[in-house]
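Here is entry_14.cif, consisting of mmCIF, C-alpha atoms:
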data_target
loop_
_atom_site.group_PDB
_atom_site.id
_atom_site.type_symbol
_atom_site.label_atom_id
_atom_site.label_comp_id
_atom_site.auth_asym_id
_atom_site.auth_seq_id
_atom_site.Cartn_x
_atom_site.Cartn_y
_atom_site.Cartn_z
ATOM 1 C CA MET D 119 123.475 73.150 140.448
ATOM 2 C CA THR D 120 126.843 74.218 139.061
ATOM 3 C CA ALA D 121 128.318 73.889 135.608
ATOM 4 C CA ARG D 122 131.012 75.274 133.316
ATOM 5 C CA VAL D 123 129.601 77.991 131.047
ATOM 6 C CA LEU D 124 131.415 79.347 127.991
ATOM 7 C CA VAL D 125 130.432 82.969 127.255
ATOM 8 C CA VAL D 126 131.288 84.194 123.756
ATOM 9 C CA ASP D 127 130.871 87.867 122.772
ATOM 10 C CA ASP D 128 133.079 90.373 120.964
ATOM 11 C CA ILE D 129 132.027 93.213 123.319
ATOM 12 C CA LEU D 130 133.938 93.071 126.599
ATOM 13 C CA ALA D 131 131.178 94.781 128.613
ATOM 14 C CA ASN D 132 128.679 92.089 127.579
ATOM 15 C CA VAL D 133 131.122 89.350 128.514
ATOM 16 C CA ARG D 134 131.834 90.859 131.929
ATOM 17 C CA LEU D 135 128.120 91.373 132.653
ATOM 18 C CA LEU D 136 127.186 87.745 131.906
ATOM 19 C CA GLU D 137 130.299 86.529 133.712
ATOM 20 C CA ALA D 138 129.331 88.466 136.856
ATOM 21 C CA LYS D 139 125.732 87.210 136.803
ATOM 22 C CA LEU D 140 126.706 83.577 136.311
ATOM 23 C CA THR D 141 129.557 83.664 138.831
ATOM 24 C CA ALA D 142 127.178 85.064 141.449
ATOM 25 C CA GLU D 143 125.069 81.909 140.918
ATOM 26 C CA TYR D 144 128.180 79.736 141.410
ATOM 27 C CA PHE D 145 128.684 78.768 137.790
ATOM 28 C CA GLU D 146 132.236 78.374 136.525
ATOM 29 C CA VAL D 147 132.653 80.818 133.641
ATOM 30 C CA VAL D 148 135.045 80.644 130.681
ATOM 31 C CA THR D 149 135.101 83.473 128.132
ATOM 32 C CA ALA D 150 136.045 84.032 124.484
ATOM 33 C CA MET D 151 135.952 87.217 122.415
ATOM 34 C CA ASN D 152 135.615 85.801 118.889
ATOM 35 C CA GLY D 153 134.584 82.724 116.953
ATOM 36 C CA VAL D 154 138.051 81.214 116.526
ATOM 37 C CA ASP D 155 138.854 81.533 120.233
ATOM 38 C CA ALA D 156 135.431 80.070 121.035
ATOM 39 C CA LEU D 157 136.112 76.896 119.037
ATOM 40 C CA GLU D 158 139.486 76.532 120.765
ATOM 41 C CA ALA D 159 137.909 77.097 124.190
ATOM 42 C CA VAL D 160 135.297 74.407 123.514
ATOM 43 C CA GLN D 161 138.025 71.847 122.840
ATOM 44 C CA ARG D 162 140.187 72.992 125.759
ATOM 45 C CA THR D 163 137.642 73.556 128.534
ATOM 46 C CA LYS D 164 134.794 71.171 127.572
ATOM 47 C CA PRO D 165 131.956 73.457 128.733
ATOM 48 C CA ASP D 166 128.571 72.185 129.877
ATOM 49 C CA ILE D 167 126.750 74.950 128.008
ATOM 50 C CA ILE D 168 127.629 77.805 125.650
ATOM 51 C CA LEU D 169 126.170 81.336 125.590
ATOM 52 C CA LEU D 170 127.008 82.512 122.089
ATOM 53 C CA ASP D 171 126.602 85.991 120.613
ATOM 54 C CA VAL D 172 125.242 86.014 117.065
ATOM 55 C CA MET D 173 126.719 89.233 115.688
ATOM 56 C CA MET D 174 130.512 88.971 115.749
ATOM 57 C CA PRO D 175 133.070 90.144 113.181
ATOM 58 C CA GLY D 176 134.783 87.472 111.123
ATOM 59 C CA MET D 177 133.207 84.187 112.115
ATOM 60 C CA ASP D 178 129.707 84.956 113.415
ATOM 61 C CA GLY D 179 127.779 82.981 116.017
ATOM 62 C CA ILE D 180 125.788 81.018 113.441
ATOM 63 C CA GLU D 181 128.992 79.654 111.897
ATOM 64 C CA VAL D 182 130.489 78.868 115.312
ATOM 65 C CA CYS D 183 127.305 77.041 116.329
ATOM 66 C CA SER D 184 127.262 75.047 113.096
ATOM 67 C CA ARG D 185 130.883 73.922 113.534
ATOM 68 C CA ILE D 186 130.333 72.861 117.140
ATOM 69 C CA LYS D 187 127.237 70.859 116.218
ATOM 70 C CA GLN D 188 128.975 69.175 113.252
ATOM 71 C CA ASN D 189 131.797 67.909 115.482
ATOM 72 C CA PRO D 190 130.913 64.455 116.939
ATOM 73 C CA ALA D 191 132.897 65.269 120.075
ATOM 74 C CA THR D 192 130.985 68.485 120.838
ATOM 75 C CA HIS D 193 127.592 68.280 119.115
ATOM 76 C CA HIS D 194 125.831 67.300 122.367
ATOM 77 C CA ILE D 195 126.817 70.561 124.129
ATOM 78 C CA PRO D 196 123.737 72.832 124.398
ATOM 79 C CA ILE D 197 124.054 76.291 122.848
ATOM 80 C CA ILE D 198 122.008 79.380 123.688
ATOM 81 C CA MET D 199 122.299 82.154 121.131
ATOM 82 C CA VAL D 200 122.374 85.618 122.734
ATOM 83 C CA THR D 201 121.361 88.315 120.309
ATOM 84 C CA ALA D 202 119.835 91.753 119.886
ATOM 85 C CA LEU D 203 117.920 90.389 116.895
ATOM 86 C CA ASP D 204 114.387 89.230 117.590
ATOM 87 C CA GLN D 205 113.005 88.269 114.190
ATOM 88 C CA PRO D 206 111.704 84.743 113.418
ATOM 89 C CA GLU D 207 114.072 84.362 110.450
ATOM 90 C CA ASP D 208 117.077 85.030 112.717
ATOM 91 C CA ARG D 209 115.944 82.406 115.220
ATOM 92 C CA ILE D 210 115.306 79.933 112.399
ATOM 93 C CA ARG D 211 118.872 80.365 111.095
ATOM 94 C CA GLY D 212 120.243 79.642 114.552
ATOM 95 C CA LEU D 213 117.967 76.670 115.167
ATOM 96 C CA GLU D 214 118.858 75.163 111.802
ATOM 97 C CA ALA D 215 122.532 75.550 112.734
ATOM 98 C CA GLY D 216 121.843 73.540 115.894
ATOM 99 C CA ALA D 217 121.144 76.153 118.598
ATOM 100 C CA ASP D 218 118.982 74.972 121.477
ATOM 101 C CA ASP D 219 117.469 78.327 122.377
ATOM 102 C CA PHE D 220 117.670 82.108 122.076
ATOM 103 C CA LEU D 221 117.948 84.917 124.614
ATOM 104 C CA THR D 222 117.364 88.495 123.510
ATOM 105 C CA LYS D 223 119.471 91.377 124.807
ATOM 106 C CA PRO D 224 119.154 92.832 127.369
ATOM 107 C CA VAL D 225 119.094 89.384 128.955
ATOM 108 C CA ASN D 226 116.453 88.787 131.614
ATOM 109 C CA ASP D 227 118.131 87.237 134.669
ATOM 110 C CA VAL D 228 115.286 84.847 135.489
ATOM 111 C CA ALA D 229 115.109 83.604 131.901
ATOM 112 C CA LEU D 230 118.893 83.241 131.768
ATOM 113 C CA PHE D 231 119.265 81.111 134.891
ATOM 114 C CA CYS D 232 116.138 79.052 134.244
ATOM 115 C CA ARG D 233 117.171 78.212 130.678
ATOM 116 C CA VAL D 234 120.790 77.494 131.602
ATOM 117 C CA LYS D 235 119.790 75.161 134.440
ATOM 118 C CA SER D 236 117.245 73.357 132.260
ATOM 119 C CA LEU D 237 119.733 72.684 129.467
ATOM 120 C CA VAL D 238 122.515 71.755 131.893
ATOM 121 C CA ARG D 239 120.267 69.055 133.380
ATOM 122 C CA LEU D 240 119.823 67.555 129.912
ATOM 123 C CA LYS D 241 123.567 67.804 129.289
ATOM 124 C CA MET D 242 124.344 65.933 132.526
ATOM 125 C CA LEU D 243 121.982 63.128 131.549
ATOM 126 C CA THR D 244 123.659 62.884 128.135
ATOM 127 C CA ASP D 245 127.120 62.905 129.726
ATOM 128 C CA GLU D 246 126.171 60.001 131.994
ATOM 129 C CA LEU D 247 124.920 57.965 129.042
ATOM 130 C CA ARG D 248 128.018 58.799 126.982
ATOM 131 C CA SER D 249 130.242 57.760 129.893
ATOM 132 C CA ARG D 250 128.503 54.398 130.217
ATOM 133 C CA MET D 251 128.775 53.879 126.478
ATOM 134 C CA ALA D 252 132.491 54.637 126.614
ATOM 135 C CA THR D 253 132.876 51.937 129.266
ATOM 136 C CA GLY D 254 131.027 49.501 127.012
ATOM 137 C CA GLU D 255 133.294 50.380 124.122
ATOM 138 C CA ASP D 256 136.416 49.854 126.262
ATOM 139 C CA LEU D 257 135.113 46.373 127.085
ATOM 140 C CA GLY D 258 134.446 45.702 123.400
ATOM 141 C CA LEU D 259 130.723 45.389 123.999
ATOM 142 C CA THR D 260 129.503 48.248 121.818
ATOM 143 C CA ASN D 261 130.605 51.047 119.534
ATOM 144 C CA ILE D 262 129.951 54.729 120.195
ATOM 145 C CA ASP D 263 127.972 56.428 117.472
ATOM 146 C CA GLY D 264 129.363 59.933 117.435
ATOM 147 C CA GLY D 265 126.694 61.399 115.172
ATOM 148 C CA CYS D 266 123.723 63.353 116.406
ATOM 149 C CA GLY D 267 120.159 62.296 115.816
ATOM 150 C CA ASP D 268 118.477 62.853 112.463
ATOM 151 C CA VAL D 269 114.955 63.731 111.379
ATOM 152 C CA GLU D 270 114.897 61.827 108.102
ATOM 153 C CA ALA D 271 112.283 59.361 109.366
ATOM 154 C CA PRO D 272 108.879 60.846 110.298
ATOM 155 C CA ALA D 273 108.225 61.203 114.017
ATOM 156 C CA ASP D 274 104.950 60.654 115.871
ATOM 157 C CA VAL D 275 104.069 63.915 117.637
ATOM 158 C CA LEU D 276 101.240 64.349 120.144
ATOM 159 C CA LEU D 277 99.414 67.694 120.361
ATOM 160 C CA ILE D 278 97.378 68.347 123.510
ATOM 161 C CA ASP D 279 95.000 71.228 122.857
ATOM 162 C CA ASN D 280 91.314 71.567 123.687
ATOM 163 C CA ARG D 281 90.841 74.955 122.033
ATOM 164 C CA GLY D 282 90.992 73.480 118.537
ATOM 165 C CA HIS D 283 93.008 76.054 116.643
ATOM 166 C CA LEU D 284 96.562 74.716 116.675
ATOM 167 C CA GLY D 285 96.245 71.398 114.858
ATOM 168 C CA ASP D 286 95.767 72.713 111.306
ATOM 169 C CA ARG D 287 98.627 75.208 111.651
ATOM 170 C CA ILE D 288 101.003 72.545 112.953
ATOM 171 C CA VAL D 289 100.044 70.054 110.235
ATOM 172 C CA THR D 290 100.713 72.746 107.632
ATOM 173 C CA ALA D 291 104.097 73.484 109.203
ATOM 174 C CA PHE D 292 105.001 69.775 109.234
ATOM 175 C CA ASP D 293 104.189 69.517 105.505
ATOM 176 C CA GLY D 294 104.199 65.715 105.743
ATOM 177 C CA GLN D 295 107.574 65.526 107.522
ATOM 178 C CA HIS D 296 106.038 64.270 110.785
ATOM 179 C CA ARG D 297 102.772 62.650 111.884
ATOM 180 C CA LEU D 298 100.576 64.689 114.223
ATOM 181 C CA PHE D 299 98.127 63.081 116.660
ATOM 182 C CA SER D 300 95.769 65.483 118.428
ATOM 183 C CA SER D 301 93.920 65.143 121.716
ATOM 184 C CA ASN D 302 91.399 67.583 123.170
ATOM 185 C CA GLU D 303 91.062 65.644 126.439
ATOM 186 C CA PRO D 304 94.120 66.512 128.578
ATOM 187 C CA GLN D 305 93.732 63.714 131.127
ATOM 188 C CA GLN D 306 93.105 61.090 128.454
ATOM 189 C CA ALA D 307 96.093 62.424 126.536
ATOM 190 C CA VAL D 308 98.355 61.596 129.495
ATOM 191 C CA PHE D 309 97.216 57.957 129.359
ATOM 192 C CA ASP D 310 97.654 57.905 125.566
ATOM 193 C CA ALA D 311 101.195 59.252 125.939
ATOM 194 C CA THR D 312 102.117 56.341 128.232
ATOM 195 C CA GLU D 313 100.819 53.795 125.711
ATOM 196 C CA THR D 314 102.317 55.230 122.503
ATOM 197 C CA ASP D 315 105.938 55.903 121.585
ATOM 198 C CA TYR D 316 105.647 59.596 120.819
ATOM 199 C CA GLU D 317 108.927 61.397 120.138
ATOM 200 C CA LEU D 318 107.589 64.831 121.072
ATOM 201 C CA ILE D 319 104.604 66.190 122.973
ATOM 202 C CA ILE D 320 103.308 69.678 122.155
ATOM 203 C CA VAL D 321 101.138 71.265 124.860
ATOM 204 C CA ASN D 322 99.016 74.365 124.554
ATOM 205 C CA LEU D 323 99.708 75.893 127.967
ATOM 206 C CA ASP D 324 96.476 77.883 127.738
ATOM 207 C CA LEU D 325 94.161 74.881 127.994
ATOM 208 C CA GLN D 326 90.464 75.418 128.643
ATOM 209 C CA ASP D 327 89.303 74.283 132.113
ATOM 210 C CA TYR D 328 92.624 72.538 132.760
ATOM 211 C CA ASP D 329 95.963 73.653 134.212
ATOM 212 C CA GLY D 330 98.597 73.292 131.481
ATOM 213 C CA LEU D 331 101.422 73.343 134.029
ATOM 214 C CA ARG D 332 99.832 70.475 135.957
ATOM 215 C CA LEU D 333 99.592 68.510 132.731
ATOM 216 C CA CYS D 334 103.312 69.033 132.074
ATOM 217 C CA SER D 335 104.045 68.007 135.656
ATOM 218 C CA GLN D 336 102.069 64.775 135.211
ATOM 219 C CA LEU D 337 103.962 63.946 132.020
ATOM 220 C CA ARG D 338 107.264 64.500 133.814
ATOM 221 C CA SER D 339 106.263 62.371 136.825
ATOM 222 C CA LEU D 340 105.358 59.234 134.852
ATOM 223 C CA GLU D 341 108.141 56.797 133.975
ATOM 224 C CA ARG D 342 107.014 56.249 130.363
ATOM 225 C CA THR D 343 106.890 59.977 129.550
ATOM 226 C CA ARG D 344 109.563 61.331 131.901
ATOM 227 C CA GLN D 345 112.205 61.680 129.186
ATOM 228 C CA VAL D 346 109.965 62.475 126.199
ATOM 229 C CA PRO D 347 110.588 66.076 125.079
ATOM 230 C CA ILE D 348 107.808 68.588 125.709
ATOM 231 C CA LEU D 349 107.309 71.767 123.700
ATOM 232 C CA ILE D 350 104.787 74.263 125.025
ATOM 233 C CA ILE D 351 102.847 76.983 123.206
ATOM 234 C CA VAL D 352 102.667 80.075 125.417
ATOM 235 C CA ASP D 353 101.634 83.725 125.273
ATOM 236 C CA PRO D 354 104.548 86.207 124.990
ATOM 237 C CA ASP D 355 103.581 88.001 128.235
ATOM 238 C CA ASP D 356 103.150 84.825 130.299
ATOM 239 C CA ASP D 357 106.697 84.892 131.697
ATOM 240 C CA GLN D 358 105.843 83.479 135.112
ATOM 241 C CA ARG D 359 104.250 80.275 133.832
ATOM 242 C CA LEU D 360 106.933 79.906 131.166
ATOM 243 C CA MET D 361 109.706 79.981 133.770
ATOM 244 C CA ARG D 362 107.858 77.486 135.980
ATOM 245 C CA ALA D 363 107.389 75.176 132.998
ATOM 246 C CA LEU D 364 111.092 75.273 132.146
ATOM 247 C CA ASP D 365 111.986 74.726 135.788
ATOM 248 C CA MET D 366 109.867 71.552 135.961
ATOM 249 C CA GLY D 367 111.587 70.090 132.903
ATOM 250 C CA VAL D 368 109.768 71.338 129.793
ATOM 251 C CA ASN D 369 112.305 71.241 126.965
ATOM 252 C CA ASP D 370 111.318 74.119 124.718
ATOM 253 C CA TYR D 371 108.663 76.715 124.050
ATOM 254 C CA LEU D 372 107.144 78.685 121.200
ATOM 255 C CA LEU D 373 105.613 82.130 121.623
ATOM 256 C CA ARG D 374 102.411 83.217 119.956
ATOM 257 C CA PRO D 375 101.831 84.155 117.175
ATOM 258 C CA ILE D 376 103.325 80.922 115.869
ATOM 259 C CA ASP D 377 105.778 81.160 112.999
ATOM 260 C CA ARG D 378 105.496 77.933 110.986
ATOM 261 C CA GLN D 379 109.172 77.763 110.032
ATOM 262 C CA GLU D 380 110.299 78.337 113.609
ATOM 263 C CA LEU D 381 107.840 75.703 114.809
ATOM 264 C CA LEU D 382 109.288 73.093 112.452
ATOM 265 C CA ALA D 383 112.867 74.081 113.324
ATOM 266 C CA ARG D 384 112.212 73.725 117.081
ATOM 267 C CA VAL D 385 110.360 70.431 116.578
ATOM 268 C CA ASN D 386 113.265 69.041 114.538
ATOM 269 C CA THR D 387 115.771 70.172 117.181
ATOM 270 C CA GLN D 388 113.921 68.316 119.932
ATOM 271 C CA ILE D 389 113.463 65.181 117.833
ATOM 272 C CA LYS D 390 117.175 65.129 116.962
ATOM 273 C CA ARG D 391 118.168 65.370 120.624
ATOM 274 C CA TRP D 392 115.571 62.739 121.630
ATOM 275 C CA ARG D 393 116.772 60.257 119.005
ATOM 276 C CA TYR D 394 120.377 60.789 119.991
ATOM 277 C CA THR D 395 119.743 60.165 123.701
ATOM 278 C CA GLU D 396 117.518 57.170 122.887
ATOM 279 C CA ARG D 397 120.323 55.711 120.811
ATOM 280 C CA LEU D 398 122.658 56.192 123.765
ATOM 281 C CA ARG D 399 120.190 54.497 126.134
ATOM 282 C CA ASN D 400 119.704 51.549 123.786
ATOM 283 C CA ASN D 401 123.451 51.082 123.331
ATOM 284 C CA VAL D 402 123.996 51.203 127.085
ATOM 285 C CA LYS D 403 121.261 48.605 127.550
ATOM 286 C CA GLN D 404 122.829 46.438 124.840
ATOM 287 C CA SER D 405 126.264 46.650 126.458
ATOM 288 C CA LEU D 406 124.803 45.583 129.824
ATOM 289 C CA GLU D 407 123.075 42.621 128.203
ATOM 290 C CA LEU D 408 126.256 41.578 126.391
ATOM 291 C CA ALA D 409 128.184 41.782 129.664
ATOM 292 C CA VAL D 410 126.125 38.946 131.206
ATOM 293 C CA THR D 411 124.887 36.896 128.239
ATOM 294 C CA ASP D 412 126.451 34.799 125.516
ATOM 295 C CA PRO D 413 125.680 36.492 122.158
ATOM 296 C CA LEU D 414 125.493 33.150 120.305
ATOM 297 C CA THR D 415 123.079 31.265 122.559
ATOM 298 C CA GLY D 416 121.492 34.091 124.520
ATOM 299 C CA LEU D 417 122.253 32.220 127.758
ATOM 300 C CA PHE D 418 123.696 33.886 130.836
ATOM 301 C CA ASN D 419 127.497 33.673 131.050
ATOM 302 C CA ARG D 420 129.975 32.970 133.841
ATOM 303 C CA ARG D 421 129.979 36.569 135.084
ATOM 304 C CA TYR D 422 126.232 36.383 135.692
ATOM 305 C CA MET D 423 126.492 32.916 137.215
ATOM 306 C CA GLU D 424 129.151 33.912 139.749
ATOM 307 C CA ASN D 425 127.076 36.820 140.957
ATOM 308 C CA GLN D 426 123.800 34.897 141.151
ATOM 309 C CA VAL D 427 125.270 31.763 142.752
ATOM 310 C CA GLY D 428 126.699 33.899 145.551
ATOM 311 C CA ILE D 429 123.255 35.388 146.193
ATOM 312 C CA LEU D 430 121.595 31.941 146.146
ATOM 313 C CA VAL D 431 124.178 30.484 148.558
ATOM 314 C CA ASP D 432 123.684 33.396 150.975
ATOM 315 C CA ASN D 433 119.902 33.035 150.832
ATOM 316 C CA ALA D 434 120.081 29.289 151.444
ATOM 317 C CA SER D 435 122.491 29.783 154.339
ATOM 318 C CA ASN D 436 120.347 32.460 155.962
ATOM 319 C CA ARG D 437 117.254 30.281 155.719
ATOM 320 C CA GLY D 438 119.036 27.109 156.844
ATOM 321 C CA LYS D 439 118.088 25.254 153.671
ATOM 322 C CA SER D 440 120.142 23.098 151.311
ATOM 323 C CA LEU D 441 121.071 24.223 147.796
ATOM 324 C CA ALA D 442 121.589 22.018 144.752
ATOM 325 C CA VAL D 443 123.622 23.003 141.686
ATOM 326 C CA LEU D 444 123.410 21.110 138.400
ATOM 327 C CA THR D 445 126.042 21.784 135.705
ATOM 328 C CA LEU D 446 125.762 20.635 132.083
ATOM 329 C CA ASP D 447 128.529 20.682 129.474
#
Rendering of file as structure tokens:
Amino acid sequence: MTARVLVVDDILANVRLLEAKLTAEYFEVVTAMNGVDALEAVQRTKPDIILLDVMMPGMDGIEVCSRIKQNPATHHIPIIMVTALDQPEDRIRGLEAGADDFLTKPVNDVALFCRVKSLVRLKMLTDELRSRMATGEDLGLTNIDGGCGDVEAPADVLLIDNRGHLGDRIVTAFDGQHRLFSSNEPQQAVFDATETDYELIIVNLDLQDYDGLRLCSQLRSLERTRQVPILIIVDPDDDQRLMRALDMGVNDYLLRPIDRQELLARVNTQIKRWRYTERLRNNVKQSLELAVTDPLTGLFNRRYMENQVGILVDNASNRGKSLAVLTLD
């Protein structure tokens, strides 16, 4: 996997270090040394992901992140904040500004590449949907909604935990903003997830008598849950399983002990992104339907007829059978 990465840091040594690491993994790297240059580079180079330092003179990383996420043309670009700060309140500020994740200096190489690749995969999916929507707009079939998703309406969130100590803390953190449904039977929870339109699934990776990674893998392998965001709860020293989870497509993680404000901020981030991509998918589906149906009657149009008649004629010819066509005005 390759992608264009924008690295933003006011310290040249940090920029060169990240640039060397990413280039060695065949990423295309663009750099900026301050917030103003970063905003210009985003518009000029259209990066697939941004590694953004928090502490910069003048316009800091939080402000840069907020401006990128407020711009309809760039809000879908994933941002990883790179910082020496490791306090929950610092992460919360970044998440509320729209950041997708945090890396703490000195940056761990495995965490860096795993997180970048995970977010780039999501970005590529979004780009494909945005491209199809743009085609629909050019044909006059739909309009692109440039705004990102919102969390004004409550979301249905599924918690899978058979140790029984996370539910109350999460409900308290939600404070009525979202609806939490809990399951202490991991295998049954997978079936429930395929039958209910959950907008986020939270998994305690340290399940009792069940492999949390296998559960995440099952959720990612099923069509109904393949795109639903997954947030895992993991121990801070469980790096190996965390990296494997991210590599298989888990969207985000929260380290114990759980900070309630950070939990809500990460949940809201995932729900925003989910609602945005779902809106893209629905608009693409609508544009495809409008391309072959008459909006007034709901009947298939000439474009659909020409394609289907050709298939029917070929089938009849191959089978040596006659074909009748009846037209009504």
Nearest residue to Val402 of chain D from the set D:Leu247, D:Met173, D:Cys334, D:Val148 (distances using only C-alpha atoms):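 Result for the nearest residue to Val402 of chain D: D:Leu247.
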Expansion of the PyMOL selection byres ((chain D and resi 346-349) around 8) into residues, as a count of residues only:
21
| request: Expand the PyMOL selection byres ((chain D and resi 203-214) around 10) into the individual residues it matches in the shown file, reporting them as a VMD selection string. | output: chain D and resid 172 to 173 179 to 181 183 to 184 197 to 202 215 to 223 376 to 387
Just give me the gap between atom CA of Leu360 of chain D and atom CA of Arg338 of chain D in Å, one decimal is fine.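 Taking atom CA of Leu360 of chain D as the start and atom CA of Arg338 of chain D as the end point, the length is 15.6 Å.
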**Request:** Determine, counting all atoms listed in the file, which protein, DNA and RNA residues have an atom within 6 Å of an atom of Ser301 of chain D; residues of the same chain fewer than 2 positions away are not included. Present the result as a VMD selection string.
**Result:** chain D and resid 278 303 307
Would you mind listing what lies within 10 Å of segment 159-166 of chain D as a PyMOL selection string, with all atoms listed in the file counted and same-chain residues fewer than 2 positions away left out?
chain D and resi 120-126+146-150+153-157+168+186+191-192+194-197+234+237-242+245
Please report the interatomic distance between atom CA of Lys139 of chain D and atom CA of Ser236 of chain D in Å with one decimal.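 Computing the Euclidean distance for atom CA of Lys139 of chain D and atom CA of Ser236 of chain D yields 16.9 Å.
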In Å and to one decimal, atom CA of Cys232 of chain D is distant from atom CA of Met366 of chain D by 9.9 Å
Between D:Gln358, D:Asn436, D:Thr395, D:Gln306, smallest distance to Leu333 of chain D by all atoms listed in the file belongs to D:Gln306
Please determine an axis-aligned box that encloses all atoms of segment 288-298 of chain D listed in the file, with 6 Å added on each side, and express its centre and edge lengths in Å to one decimal as lines of an AutoDock Vina configuration file.
center_x = 103.8
center_y = 68.1
center_z = 109.9
size_x = 19.5
size_y = 22.8
size_z = 20.7
| Hits of the PyMOL selection byres ((chain D and resi 280) around 12) in this structure, as a list in words |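 Applying the expression gives Leu277, Ile278, Asp279, Arg281, Gly282, His283, Leu284, Gly285, Ser300, Ser301, Asn302, Glu303, Pro304, Gln305, Gln306, Ala307, Val321, Asn322, Leu323, Asp324, Leu325, Gln326, Asp327, Tyr328, Asp329 and Gly330 of chain D.
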Point (132.4, 93.1, 123.5) neighbourhood (12 Å, all atoms listed in the file) written as a list in words:
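I get Val125, Val126, Asp127, Asp128, Ile129, Leu130, Ala131, Asn132, Val133, Arg134, Leu135, Leu136, Thr149, Ala150, Met151, Asn152, Leu170, Asp171, Val172, Met173, Met174 and Pro175 of chain D for the residues within 12 Å of that point.
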